[in-house]
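**Student:** The structure under discussion is supplied below as C-alpha cells; questions concerning it will follow.
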Amino acid sequence: MATMTPTRPVRRVEPMTPAPEARPRRSISGSGGRAAAVFLIPFFALFAVSMIAPVVYALVMSVFAQRRSGLGFGKPTTEFVGLGNYVDLFQERTFVEGFGRLAVYCVIYVPVLLCVALLLALLLDATVAYARRTFQLLLFLPHAVPGVIAALIWAYLYTPGVSPIVRALDSGGVGIDFLSVHLVIPSMVNIAVWEWAGYNVIILFTALQAVPREVLEAARMDGAGEIRTALSIKTPLVWPALGVALLFTVIGSLQLFTEPKILASATTSVTSTWVPNMWAYDAAFTRNNLPQAAAASIVLAVLAGALSWIVTRFTSKEPTR
C-alpha cells in the first residue's frame, strides 16, 4: 500500500521592484528664514530712516561749525572743527550746571517712582479679583494724559494766587511755594511720578501674575505673612521686570524737557537752559547754533547708552535673598 506524503505549498516569489528614489526635502529653516527676512525688511528700513540716520546726521553735524567773516556780517562758511564743539560745550557753565540739576532729579525721581510702582503693584496683587481691573484703570489713567497737558495742569496747581491747593495751605497757616528754587525739582518729580507710576505698575503687576501660585501657597503654609511673602518671595521673582522698569525710567529721566519747559513760564526758578535737553533746544532754535545742539544731543545719547549698559549689567544679576 502506497503512502502519500503531504506537499508544502509553494510560495510565489514576486519580482522585486526598485525602490523609488527619495526626493530631497526642502529646508524648512531656509524658507522660514527668507520669510522672516521679508517681514523684517520694512521694520529695519523704518528703523534706519527714523533712528540711525538722524544719529549719524547729528554726529556729522557736530564736527562742523559755521564761521562768519567781516565781524560777523559776512557770508557764513562751514568749517571742520573736529571735537571743537564738544570742548566748547563743556566750557559752557549753563550746560554743566544743567547736568547737576538733572542728576539731582534722577536721584530723587528714579527710586521714588520704582518704590511707588512696586508698592501699588503688590497691593493690586493682594486685593480681591473684582477690584483689580478698576484700580488698574484708575492708576493707568494719568499716563493716558499727554505730558504737556499734565505739566499745564500741575503748573496751575503750583502757581500761587490761582492754585486751590496753595490757597488751602495758606488758609491753614502753611505757606509753601512749590515753584521756589529749593522745591521746583521735587515738584517736577511729583508730576513725573503721577504720570508714569501707572505705566510701571502694569509692568510689575503683569510679572506678579506669572509668579507660581504653588510657591506662594508653600510660603503661607510655612507661616509667612503677606508682608514677608511680598518682600521675600514676590519681589525677588519679579526682579527682571523691575530691571526693565528701571531701564525705562533711567532713559526717560535723561530726556527731561516737557515739565521744566512748561514750568519756566510760571516761575523764574527755571531758565531756558535749565537741563541739557533745554540747553540743546535753546542752542538750536534761539541761538541758531545747530552744530552745538547736535554735539549736546550726542553727549546725551552717549550718556543714555552708558547708563543703559550699567543698568542692564546690574539687573541681569539675581538678587540675594
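Within each chain, counting starts at residue 1; across the C-alpha cells, chains are named A, B, ... in the order shown, with ligands numbered 1 upward in that order.
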Could you pull the residues within 9 Å of stretch 52-62 of chain A, counting only C-alpha atoms, minus those fewer than 5 positions along the same chain, as a PyMOL selection string?
**Tutor:** chain A and resi 47+81-86+290-298+301
**Student:** Fewer than 2 positions away in the same chain doesn't count, so skip those; otherwise give me all residues within 12 Å of A:Ser272, counting only C-alpha atoms, as a VMD selection string.
**Tutor:** chain A and resid 94 to 95 98 257 to 258 260 to 265 267 to 270 274 to 283 285 to 287
**Student:** How about saving the chosen residues, N, CA and C atoms kept, as an mmCIF file, in the first residue's frame?
**Tutor:**
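So the final result, stored in selection_34.cif, reads:
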data_model
loop_
_atom_site.group_PDB
_atom_site.id
_atom_site.type_symbol
_atom_site.label_atom_id
_atom_site.label_comp_id
_atom_site.auth_asym_id
_atom_site.auth_seq_id
_atom_site.Cartn_x
_atom_site.Cartn_y
_atom_site.Cartn_z
ATOM 1 N N THR A 94 26.413 126.949 31.896
ATOM 2 C CA THR A 94 24.995 126.595 31.986
ATOM 3 C C THR A 94 24.755 125.141 31.588
ATOM 4 N N PHE A 95 25.519 124.642 30.616
ATOM 5 C CA PHE A 95 25.352 123.249 30.194
ATOM 6 C C PHE A 95 25.795 122.287 31.297
ATOM 7 N N GLY A 98 23.375 122.259 34.145
ATOM 8 C CA GLY A 98 22.180 121.509 33.794
ATOM 9 C C GLY A 98 22.317 120.033 34.114
ATOM 10 N N PHE A 257 12.340 117.294 29.698
ATOM 11 C CA PHE A 257 12.196 118.517 28.910
ATOM 12 C C PHE A 257 10.827 119.165 29.112
ATOM 13 N N THR A 258 9.758 118.382 29.016
ATOM 14 C CA THR A 258 8.403 118.952 28.999
ATOM 15 C C THR A 258 8.080 119.681 30.293
ATOM 16 N N PRO A 260 10.023 121.004 32.887
ATOM 17 C CA PRO A 260 10.678 122.303 33.112
ATOM 18 C C PRO A 260 10.339 123.346 32.060
ATOM 19 N N LYS A 261 10.095 122.920 30.817
ATOM 20 C CA LYS A 261 9.752 123.874 29.769
ATOM 21 C C LYS A 261 8.414 124.553 30.064
ATOM 22 N N ILE A 262 7.439 123.802 30.567
ATOM 23 C CA ILE A 262 6.135 124.378 30.898
ATOM 24 C C ILE A 262 6.229 125.223 32.164
ATOM 25 N N LEU A 263 6.933 124.721 33.177
ATOM 26 C CA LEU A 263 7.042 125.457 34.440
ATOM 27 C C LEU A 263 7.885 126.718 34.291
ATOM 28 N N ALA A 264 8.729 126.800 33.258
ATOM 29 C CA ALA A 264 9.548 128.002 33.065
ATOM 30 C C ALA A 264 8.689 129.230 32.813
ATOM 31 N N SER A 265 7.480 129.036 32.289
ATOM 32 C CA SER A 265 6.586 130.173 32.049
ATOM 33 C C SER A 265 5.871 130.628 33.304
ATOM 34 N N THR A 267 7.508 130.452 36.559
ATOM 35 C CA THR A 267 8.454 130.796 37.613
ATOM 36 C C THR A 267 9.777 131.210 36.999
ATOM 37 N N THR A 268 10.528 132.004 37.740
ATOM 38 C CA THR A 268 11.868 132.401 37.315
ATOM 39 C C THR A 268 12.938 131.427 37.799
ATOM 40 N N SER A 269 12.533 130.405 38.556
ATOM 41 C CA SER A 269 13.498 129.426 39.053
ATOM 42 C C SER A 269 13.995 128.512 37.947
ATOM 43 N N VAL A 270 13.228 128.415 36.862
ATOM 44 C CA VAL A 270 13.599 127.558 35.732
ATOM 45 C C VAL A 270 13.937 128.450 34.548
ATOM 46 N N TRP A 274 17.860 125.133 31.626
ATOM 47 C CA TRP A 274 17.842 124.546 32.968
ATOM 48 C C TRP A 274 18.387 123.130 33.001
ATOM 49 N N VAL A 275 18.088 122.325 31.977
ATOM 50 C CA VAL A 275 18.605 120.952 31.858
ATOM 51 C C VAL A 275 19.236 120.808 30.470
ATOM 52 N N PRO A 276 20.046 119.775 30.235
ATOM 53 C CA PRO A 276 20.737 119.648 28.944
ATOM 54 C C PRO A 276 19.810 119.631 27.735
ATOM 55 N N ASN A 277 18.647 118.985 27.831
ATOM 56 C CA ASN A 277 17.732 118.974 26.689
ATOM 57 C C ASN A 277 17.238 120.377 26.358
ATOM 58 N N MET A 278 16.949 121.163 27.395
ATOM 59 C CA MET A 278 16.529 122.541 27.163
ATOM 60 C C MET A 278 17.684 123.371 26.612
ATOM 61 N N TRP A 279 18.899 123.079 27.045
ATOM 62 C CA TRP A 279 20.074 123.795 26.531
ATOM 63 C C TRP A 279 20.228 123.530 25.034
ATOM 64 N N ALA A 280 20.078 122.267 24.626
ATOM 65 C CA ALA A 280 20.187 121.936 23.206
ATOM 66 C C ALA A 280 19.058 122.591 22.403
ATOM 67 N N TYR A 281 17.859 122.622 22.940
ATOM 68 C CA TYR A 281 16.736 123.262 22.264
ATOM 69 C C TYR A 281 16.990 124.760 22.093
ATOM 70 N N ASP A 282 17.508 125.388 23.144
ATOM 71 C CA ASP A 282 17.799 126.819 23.077
ATOM 72 C C ASP A 282 18.922 127.104 22.082
ATOM 73 N N ALA A 283 19.932 126.228 22.039
ATOM 74 C CA ALA A 283 21.038 126.421 21.099
ATOM 75 C C ALA A 283 20.567 126.291 19.656
ATOM 76 N N PHE A 285 17.224 126.565 18.374
ATOM 77 C CA PHE A 285 16.106 127.380 17.892
ATOM 78 C C PHE A 285 16.121 128.824 18.402
ATOM 79 N N THR A 286 16.977 129.138 19.357
ATOM 80 C CA THR A 286 17.093 130.518 19.826
ATOM 81 C C THR A 286 18.399 131.149 19.365
ATOM 82 N N ARG A 287 19.494 130.419 19.525
ATOM 83 C CA ARG A 287 20.802 130.934 19.121
ATOM 84 C C ARG A 287 21.223 130.468 17.735
#
**Student:** May I ask which of the residues A:Asn289, A:Thr235, A:Ser163, A:Thr271 is the closest one to A:Arg67, counting only C-alpha atoms?
**Tutor:**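 With only C-alpha atoms as the atom set, the closest residue is A:Asn289.
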**Student:** DSSP on the backbone, then: every residue of stretch 135-320 of chain A marked helix (DSSP H, G or I), written as a ChimeraX atom specification.
**Tutor:** /A:135-144,147-158,164-171,184-209,213-221,226-237,239-254,258-263,276-285,290-315
**Student:** Could you name the residues that touch A:Tyr199 at 10 Å or less, counting only C-alpha atoms, but leaving out those on the same chain fewer than 6 positions away, as a list in words?
**Tutor:** Ala117, Gln136, Leu139, Phe140, Leu141, Pro142, His143, Ala144 and Ala245 of chain A
**Student:** Fewer than 5 positions away in the same chain doesn't count, so skip those; otherwise give me all residues within 12 Å of A:Gln209, counting only C-alpha atoms, as a VMD selection string.
**Tutor:** chain A and resid 121 to 122 124 to 126 129 132 202 to 204 216 234 237 to 238 241
**Student:** Go ahead and write the selection's residues with N, CA and C atoms as a short mmCIF file (atom, residue, chain, number, x, y, z; two decimals), in the first residue's frame.
**Tutor:**
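This went into part01.cif:
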data_model
loop_
_atom_site.label_atom_id
_atom_site.label_comp_id
_atom_site.auth_asym_id
_atom_site.auth_seq_id
_atom_site.Cartn_x
_atom_site.Cartn_y
_atom_site.Cartn_z
N ALA A 121 1.76 97.80 42.81
CA ALA A 121 1.60 96.51 42.14
C ALA A 121 1.40 95.38 43.16
N LEU A 122 2.13 95.41 44.27
CA LEU A 122 1.94 94.40 45.31
C LEU A 122 0.57 94.51 45.95
N LEU A 124 -2.12 95.66 44.43
CA LEU A 124 -3.06 95.15 43.44
C LEU A 124 -3.06 93.63 43.43
N ASP A 125 -1.91 93.02 43.59
CA ASP A 125 -1.83 91.57 43.58
C ASP A 125 -2.46 90.96 44.81
N ALA A 126 -2.57 91.73 45.89
CA ALA A 126 -3.14 91.21 47.12
C ALA A 126 -4.63 91.50 47.26
N ALA A 129 -10.26 89.91 43.46
CA ALA A 129 -10.21 89.87 42.00
C ALA A 129 -11.11 90.92 41.35
N ARG A 132 -9.48 94.54 40.94
CA ARG A 132 -8.19 94.74 40.30
C ARG A 132 -8.32 95.58 39.04
N ILE A 202 1.61 98.52 35.73
CA ILE A 202 1.13 97.48 34.83
C ILE A 202 2.24 96.48 34.51
N ILE A 203 3.47 96.97 34.29
CA ILE A 203 4.59 96.06 34.01
C ILE A 203 4.84 95.13 35.19
N LEU A 204 4.90 95.68 36.39
CA LEU A 204 5.20 94.87 37.57
C LEU A 204 4.04 93.96 37.94
N LEU A 216 3.69 80.56 46.41
CA LEU A 216 3.04 81.41 47.41
C LEU A 216 2.30 80.57 48.44
N LYS A 234 7.75 87.47 46.37
CA LYS A 234 7.28 88.11 45.15
C LYS A 234 8.32 89.05 44.54
N LEU A 237 11.19 87.43 42.67
CA LEU A 237 10.76 86.73 41.47
C LEU A 237 10.41 87.68 40.32
N VAL A 238 10.10 88.94 40.64
CA VAL A 238 9.79 89.91 39.59
C VAL A 238 10.99 90.83 39.34
N ALA A 241 11.46 92.06 35.66
CA ALA A 241 10.52 93.12 35.28
C ALA A 241 10.88 94.44 35.96
#
**Student:** Have a look at atom CA of A:Tyr105 and atom CA of A:Leu157 and let me know their distance in Å, one decimal.
**Tutor:**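 It comes out at 20.2 Å.
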**Student:** Please list as a ChimeraX atom specification every residue within 10 Å of A:Asp177, counting only C-alpha atoms and excluding residues in the same chain fewer than 5 positions away.
**Tutor:** /A:158-160,166,182-184,187
**Student:** Produce a file of the selected residues containing N, CA and C atoms, as a PDB file, in the first residue's frame.
**Tutor:**
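part.pdb, freshly written:
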ATOM      1  N   TYR A 158       0.354 124.552  41.052  1.00  0.00           N
ATOM      2  CA  TYR A 158       1.524 125.038  41.785  1.00  0.00           C
ATOM      3  C   TYR A 158       1.577 126.561  41.881  1.00  0.00           C
ATOM      4  N   THR A 159       0.929 127.277  40.980  1.00  0.00           N
ATOM      5  CA  THR A 159       1.079 128.725  40.896  1.00  0.00           C
ATOM      6  C   THR A 159       0.344 129.427  42.030  1.00  0.00           C
ATOM      7  N   PRO A 160       1.038 130.229  42.846  1.00  0.00           N
ATOM      8  CA  PRO A 160       0.351 130.962  43.920  1.00  0.00           C
ATOM      9  C   PRO A 160      -0.636 131.976  43.350  1.00  0.00           C
ATOM     10  N   VAL A 166      -2.554 125.705  47.007  1.00  0.00           N
ATOM     11  CA  VAL A 166      -1.759 126.731  47.700  1.00  0.00           C
ATOM     12  C   VAL A 166      -2.666 127.596  48.566  1.00  0.00           C
ATOM     13  N   HIS A 182      14.250 125.783  45.768  1.00  0.00           N
ATOM     14  CA  HIS A 182      14.505 124.558  46.515  1.00  0.00           C
ATOM     15  C   HIS A 182      13.429 123.494  46.299  1.00  0.00           C
ATOM     16  N   LEU A 183      12.246 123.857  45.865  1.00  0.00           N
ATOM     17  CA  LEU A 183      11.156 122.895  45.730  1.00  0.00           C
ATOM     18  C   LEU A 183      10.761 122.617  44.286  1.00  0.00           C
ATOM     19  N   VAL A 184      11.376 123.283  43.325  1.00  0.00           N
ATOM     20  CA  VAL A 184      10.948 123.096  41.946  1.00  0.00           C
ATOM     21  C   VAL A 184      11.304 121.696  41.436  1.00  0.00           C
ATOM     22  N   SER A 187       8.839 119.248  42.833  1.00  0.00           N
ATOM     23  CA  SER A 187       7.566 119.472  42.147  1.00  0.00           C
ATOM     24  C   SER A 187       7.552 118.781  40.789  1.00  0.00           C
TER      25      SER A 187
END
**Student:** A:Leu113: which residues within 8 Å, counting only C-alpha atoms, same-chain residues fewer than 2 positions away excluded, as an MDAnalysis selection string?
**Tutor:** chainID A and resid 109:111 115:117 193 196:197
**Student:** Give me every strand (DSSP E) residue in stretch 32-179 of chain A, going by DSSP on the backbone, as a list in words.
**Tutor:** Phe64, Ala65, Gln66, Arg67, Arg68, Pro76, Thr77, Thr78, Glu79 and Phe80 of chain A
**Student:** Store the residues of this selection in a file with C-alpha atoms, as a short mmCIF file (atom, residue, chain, number, x, y, z; two decimals), in the first residue's frame.
**Tutor:**
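again_7.cif, freshly written:
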data_model
loop_
_atom_site.label_atom_id
_atom_site.label_comp_id
_atom_site.auth_asym_id
_atom_site.auth_seq_id
_atom_site.Cartn_x
_atom_site.Cartn_y
_atom_site.Cartn_z
CA PHE A 64 31.46 121.19 11.82
CA ALA A 65 30.87 124.83 12.71
CA GLN A 66 29.62 127.90 10.91
CA ARG A 67 32.01 130.84 10.78
CA ARG A 68 31.28 134.38 9.62
CA PRO A 76 28.62 132.07 6.77
CA THR A 77 31.02 129.27 5.85
CA THR A 78 31.05 125.72 7.19
CA GLU A 79 34.37 124.57 8.62
CA PHE A 80 35.52 121.24 10.04
#
